[in-house]
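Right, one structure below, let's go through it.
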Amino acid sequence: MSNRVIMAAGNWKMNKTPKEAVEFVNELKKLAAGAKSEVVVGVPFVCIPGVAEAAKGSNIKVAAQNVHWEASGAYTGEVSCGMLKELGVDYVIIGHSERREYFGETDEMINKKAKAILASGMIPIICCGESLTQREQGVTAEHVRYQVKIALLGLSAEDVSRLVIAYEPIWAIGTGKTATDEQAEEVCAIIRQLVAELYGNDVAEKTRILYGGSVNAQNAKSLFSMPNIDGGLVGGASLKLNAFEKIIKHYE
Ligand code: 13P
């Protein structure tokens, strides 16, 4: 057994208004109180002030879903790490496949974001994962290793031991087609092996690696009990109190 604390992280994507978000978190904090998992909600930017306030004094941590790597400047529509940090954000999800696909995010941009997030005292949740075509072509390991290697370029061992990597096969996102425990474990183990190659075993033992892609109340327990899976990055099921509570308390 590792010492890594299992993380149940919700990625709300573009869902819930600021008012709905606060109502949800006010309920969630009752359900999540005392949970053994680390609980994170990844909310839209405009929901962050209300959610951070509502989560105060609870065990719920707040994540943003994106950030710009520059501290300030002429970047219309963007948000900086300093802005998020001031609001009490703990984690920032970066490199999600939806951002890569619809907004042209590259591995180099994700690396710059990771550096900026860590420098400002927050923790990145770095997403990676192959498409169905890549899986069928047999290049999953190469693709994921490439993505993670570039995301981590120039980071210190200390940084890498704190950050979180989320393996999210694109074919499993929002499709209800969850990777099997073995498929998810295989790639999470490949990622941990890469971290060990780059930073040594001690760091690789600390880095948390999540699985994401149609995680739900039924499959969380067996996925999270795999040796190299340290929790989940959860989309659809994190929008429902009952389902997310079950994912948080998967160990019961
Ligand atoms: P679903 O859980 O809805 O498949 O989404 C996964 C995801 O993209 C989390 O970041």
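Labeling convention for the structure tokens: chains A, B, ... as they appear, residues from 1 per chain, ligands from 1 in order of appearance.
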Backbone-only DSSP, alpha helix (DSSP H) members of region 24-198 of chain A, as a ChimeraX atom specification: /A:24-32,48-55,81-86,97-103,107-119,132-137,140-151,157-162,181-198
Please list as a tab-separated table (two decimals) with N, CA, C and O atoms, in the first residue's frame every residue within 9 Å of Tyr251 (chain A), counting only C-alpha atoms and excluding residues in the same chain fewer than 4 positions away.
```tsv
chain	number	residue	atom	x	y	z
A	36	LYS	N	-12.38	10.04	3.90
A	36	LYS	CA	-10.95	9.68	3.85
A	36	LYS	C	-10.29	10.16	2.56
A	36	LYS	O	-9.07	10.29	2.50
A	37	SER	N	-11.10	10.38	1.53
A	37	SER	CA	-10.53	10.85	0.26
A	37	SER	C	-10.32	12.36	0.34
A	37	SER	O	-11.01	13.05	1.09
A	221	LYS	N	-14.86	2.25	-6.91
A	221	LYS	CA	-14.18	1.45	-5.89
A	221	LYS	C	-13.10	0.55	-6.50
A	221	LYS	O	-11.96	0.51	-6.03
A	224	PHE	N	-10.22	2.66	-8.10
A	224	PHE	CA	-9.35	3.34	-7.12
A	224	PHE	C	-8.57	2.35	-6.27
A	224	PHE	O	-7.67	2.75	-5.54
A	225	SER	N	-8.91	1.07	-6.35
A	225	SER	CA	-8.15	0.10	-5.55
A	225	SER	C	-6.99	-0.49	-6.36
A	225	SER	O	-6.21	-1.28	-5.82
A	246	LYS	N	-20.88	8.98	-3.37
A	246	LYS	CA	-20.48	7.56	-3.42
A	246	LYS	C	-19.04	7.41	-3.92
A	246	LYS	O	-18.30	6.54	-3.47
A	247	ILE	N	-18.66	8.26	-4.86
A	247	ILE	CA	-17.28	8.20	-5.38
A	247	ILE	C	-16.30	8.62	-4.28
A	247	ILE	O	-15.27	7.98	-4.07
```
With only C-alpha atoms as the counted atoms, please give the residues lying no more than 7 Å from region 85-98 of chain A, apart from itself and same-chain residues fewer than 5 positions off, as an MDAnalysis selection string. chainID A and resid 49 52 61:66 105 110 122:128 170
Only C-alpha atoms, please: the residues just picked out, written as a CSV table (one decimal), in the first residue's frame.
```
chain,number,residue,atom,x,y,z
A,49,PRO,CA,-15.5,33.1,-5.4
A,52,ALA,CA,-14.3,29.0,-2.2
A,61,LYS,CA,-10.7,22.0,-2.1
A,62,VAL,CA,-11.3,24.2,-5.1
A,63,ALA,CA,-9.8,23.7,-8.5
A,64,ALA,CA,-9.9,25.9,-11.6
A,65,GLN,CA,-10.2,24.3,-15.0
A,66,ASN,CA,-7.6,26.4,-16.8
A,105,GLU,CA,-3.7,23.8,-26.2
A,110,ILE,CA,0.7,22.9,-20.6
A,122,MET,CA,-1.0,26.0,-6.3
A,123,ILE,CA,-0.9,22.4,-7.7
A,124,PRO,CA,-1.5,21.4,-11.3
A,125,ILE,CA,-3.7,18.5,-12.2
A,126,ILE,CA,-2.1,17.6,-15.6
A,127,CYS,CA,-4.3,15.6,-18.0
A,128,CYS,CA,-3.1,13.3,-20.6
A,170,ILE,CA,-10.4,10.4,-24.8
```
For Asp202 (chain A), find every residue with an atom within 10 Å (counting only C-alpha atoms), except residues of its own chain fewer than 4 positions away, and show them as number ranges by chain. A: 157, 161, 195-196, 206-207
List all protein, DNA and RNA residues that have an atom no more than 8 Å from any atom of ligand 1, counting only C-alpha atoms and all ligand atoms, and report them as a count of residues only. 27
Ranking A:Leu132, A:Met83, A:Ile191, A:Val160 by minimum distance to Lys177 (chain A) and counting only C-alpha atoms, which one comes first?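 Result for the nearest residue to Lys177 (chain A): A:Leu132.
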Quick one: residues within 12 Å of Arg145 (chain A), only C-alpha atoms, excluding same-chain residues fewer than 5 positions away - as a VMD selection string? chain A and resid 107 127 to 130 139 to 140 150 to 152 165 167 187 to 195 197 to 198
Can you tell me, as a list in words, what residues are no more than 8 Å from Ser120 (chain A) when counting only C-alpha atoms, ignoring any on the same chain fewer than 3 positions away? Cys81, Gly82, Lys85, Ala116 and Ile117 of chain A
Please determine, counting only C-alpha atoms, which residue among A:Asn3, A:Asn59, A:Ser222, A:Thr76 has the shortest atom-to-atom distance to Lys30 (chain A).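 Of the candidates, the smallest distance to Lys30 (chain A) is held by A:Asn59.
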By how many Å are CA of Arg162 (chain A) and CA of Ala9 (chain A) apart?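 Taking CA of Arg162 (chain A) and CA of Ala9 (chain A), their separation equals 15.5 Å.
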Could you tell me how far CA of Leu31 (chain A) sits from CA of Leu241 (chain A), in Å to one decimal place?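 Between CA of Leu241 (chain A) and CA of Leu31 (chain A) the gap works out to 8.3 Å.
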Enumerate the residues of region 26-158 of chain A with a DSSP assignment of strand (DSSP E), computed from the backbone, and present them as a PDB file with N, CA, C and O atoms, in the first residue's frame.
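The resulting file, states-v3.pdb, is reproduced below:
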```
ATOM      1  N   GLU A  38      -9.404  12.854  -0.476  1.00  0.00           N
ATOM      2  CA  GLU A  38      -9.291  14.303  -0.644  1.00  0.00           C
ATOM      3  C   GLU A  38     -10.345  14.706  -1.673  1.00  0.00           C
ATOM      4  O   GLU A  38     -10.422  14.131  -2.757  1.00  0.00           O
ATOM      5  N   VAL A  39     -11.158  15.687  -1.322  1.00  0.00           N
ATOM      6  CA  VAL A  39     -12.281  16.073  -2.169  1.00  0.00           C
ATOM      7  C   VAL A  39     -11.974  17.406  -2.865  1.00  0.00           C
ATOM      8  O   VAL A  39     -11.608  18.386  -2.213  1.00  0.00           O
ATOM      9  N   VAL A  40     -12.125  17.413  -4.187  1.00  0.00           N
ATOM     10  CA  VAL A  40     -11.817  18.613  -4.972  1.00  0.00           C
ATOM     11  C   VAL A  40     -12.978  18.870  -5.931  1.00  0.00           C
ATOM     12  O   VAL A  40     -13.507  17.926  -6.529  1.00  0.00           O
ATOM     13  N   VAL A  41     -13.376  20.141  -6.051  1.00  0.00           N
ATOM     14  CA  VAL A  41     -14.359  20.489  -7.079  1.00  0.00           C
ATOM     15  C   VAL A  41     -13.714  21.444  -8.084  1.00  0.00           C
ATOM     16  O   VAL A  41     -13.204  22.498  -7.718  1.00  0.00           O
ATOM     17  N   GLY A  42     -13.732  21.058  -9.345  1.00  0.00           N
ATOM     18  CA  GLY A  42     -13.152  21.872 -10.422  1.00  0.00           C
ATOM     19  C   GLY A  42     -14.273  22.638 -11.095  1.00  0.00           C
ATOM     20  O   GLY A  42     -15.046  22.078 -11.863  1.00  0.00           O
ATOM     21  N   ILE A  60     -13.382  20.442   1.525  1.00  0.00           N
ATOM     22  CA  ILE A  60     -13.474  20.528   0.057  1.00  0.00           C
ATOM     23  C   ILE A  60     -12.446  21.531  -0.455  1.00  0.00           C
ATOM     24  O   ILE A  60     -12.376  22.666   0.013  1.00  0.00           O
ATOM     25  N   LYS A  61     -11.659  21.085  -1.421  1.00  0.00           N
ATOM     26  CA  LYS A  61     -10.677  21.982  -2.054  1.00  0.00           C
ATOM     27  C   LYS A  61     -11.213  22.427  -3.402  1.00  0.00           C
ATOM     28  O   LYS A  61     -12.019  21.736  -4.030  1.00  0.00           O
ATOM     29  N   VAL A  62     -10.722  23.566  -3.845  1.00  0.00           N
ATOM     30  CA  VAL A  62     -11.260  24.171  -5.062  1.00  0.00           C
ATOM     31  C   VAL A  62     -10.229  24.121  -6.186  1.00  0.00           C
ATOM     32  O   VAL A  62      -9.057  24.453  -5.982  1.00  0.00           O
ATOM     33  N   ALA A  63     -10.687  23.696  -7.354  1.00  0.00           N
ATOM     34  CA  ALA A  63      -9.824  23.691  -8.536  1.00  0.00           C
ATOM     35  C   ALA A  63     -10.414  24.594  -9.610  1.00  0.00           C
ATOM     36  O   ALA A  63     -11.640  24.690  -9.755  1.00  0.00           O
ATOM     37  N   ALA A  64      -9.524  25.248 -10.360  1.00  0.00           N
ATOM     38  CA  ALA A  64      -9.924  25.936 -11.588  1.00  0.00           C
ATOM     39  C   ALA A  64      -9.716  24.952 -12.741  1.00  0.00           C
ATOM     40  O   ALA A  64      -9.046  23.930 -12.581  1.00  0.00           O
ATOM     41  N   TYR A  91      -6.008  23.886  -6.642  1.00  0.00           N
ATOM     42  CA  TYR A  91      -5.559  23.084  -7.788  1.00  0.00           C
ATOM     43  C   TYR A  91      -5.998  23.743  -9.096  1.00  0.00           C
ATOM     44  O   TYR A  91      -7.027  24.428  -9.134  1.00  0.00           O
ATOM     45  N   VAL A  92      -5.253  23.492 -10.154  1.00  0.00           N
ATOM     46  CA  VAL A  92      -5.694  23.927 -11.483  1.00  0.00           C
ATOM     47  C   VAL A  92      -5.571  22.748 -12.448  1.00  0.00           C
ATOM     48  O   VAL A  92      -4.491  22.154 -12.584  1.00  0.00           O
ATOM     49  N   ILE A  93      -6.687  22.403 -13.077  1.00  0.00           N
ATOM     50  CA  ILE A  93      -6.696  21.337 -14.089  1.00  0.00           C
ATOM     51  C   ILE A  93      -6.112  21.930 -15.376  1.00  0.00           C
ATOM     52  O   ILE A  93      -6.577  22.981 -15.842  1.00  0.00           O
ATOM     53  N   ILE A  94      -5.116  21.286 -15.941  1.00  0.00           N
ATOM     54  CA  ILE A  94      -4.568  21.777 -17.212  1.00  0.00           C
ATOM     55  C   ILE A  94      -4.407  20.621 -18.204  1.00  0.00           C
ATOM     56  O   ILE A  94      -4.247  19.470 -17.812  1.00  0.00           O
ATOM     57  N   ILE A 123      -1.373  23.737  -7.147  1.00  0.00           N
ATOM     58  CA  ILE A 123      -0.935  22.436  -7.657  1.00  0.00           C
ATOM     59  C   ILE A 123      -1.644  22.115  -8.972  1.00  0.00           C
ATOM     60  O   ILE A 123      -2.881  22.164  -9.037  1.00  0.00           O
ATOM     61  N   PRO A 124      -0.889  21.800 -10.009  1.00  0.00           N
ATOM     62  CA  PRO A 124      -1.537  21.429 -11.271  1.00  0.00           C
ATOM     63  C   PRO A 124      -2.058  19.999 -11.254  1.00  0.00           C
ATOM     64  O   PRO A 124      -1.444  19.111 -10.655  1.00  0.00           O
ATOM     65  N   ILE A 125      -3.190  19.802 -11.906  1.00  0.00           N
ATOM     66  CA  ILE A 125      -3.675  18.455 -12.225  1.00  0.00           C
ATOM     67  C   ILE A 125      -3.517  18.344 -13.741  1.00  0.00           C
ATOM     68  O   ILE A 125      -4.258  18.968 -14.502  1.00  0.00           O
ATOM     69  N   ILE A 126      -2.493  17.625 -14.165  1.00  0.00           N
ATOM     70  CA  ILE A 126      -2.109  17.602 -15.574  1.00  0.00           C
ATOM     71  C   ILE A 126      -2.790  16.422 -16.272  1.00  0.00           C
ATOM     72  O   ILE A 126      -2.562  15.267 -15.914  1.00  0.00           O
ATOM     73  N   CYS A 127      -3.601  16.716 -17.277  1.00  0.00           N
ATOM     74  CA  CYS A 127      -4.334  15.648 -17.965  1.00  0.00           C
ATOM     75  C   CYS A 127      -3.568  15.156 -19.192  1.00  0.00           C
ATOM     76  O   CYS A 127      -2.884  15.926 -19.873  1.00  0.00           O
ATOM     77  N   CYS A 128      -3.717  13.875 -19.444  1.00  0.00           N
ATOM     78  CA  CYS A 128      -3.127  13.267 -20.633  1.00  0.00           C
ATOM     79  C   CYS A 128      -4.042  12.125 -21.058  1.00  0.00           C
ATOM     80  O   CYS A 128      -4.943  11.743 -20.316  1.00  0.00           O
TER      81      CYS A 128
END
```
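If only C-alpha atoms are the atoms counted, then among A:Gln147, A:Asn219, A:Thr17, A:Asn242 the closest residue to Ala166 (chain A) is A:Gln147.
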Spatial neighbours of Arg208 (chain A), max dist 7 Å, only C-alpha atoms, sep filter under 5 positions, as a PyMOL selection string: chain A and resi 4+163-165+230
Between A:Leu118, A:Ile229, A:Ile48, A:Ala74, which residue has the minimum interatomic distance to Leu155 (chain A), considering only C-alpha atoms? A:Leu118
Among the residues A:Val43, A:Val203, A:Ala184, A:Leu239, the one that comes closest to Leu223 (chain A) [using only C-alpha atoms]: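 Of the candidates, the smallest distance to Leu223 (chain A) is held by A:Ala184.
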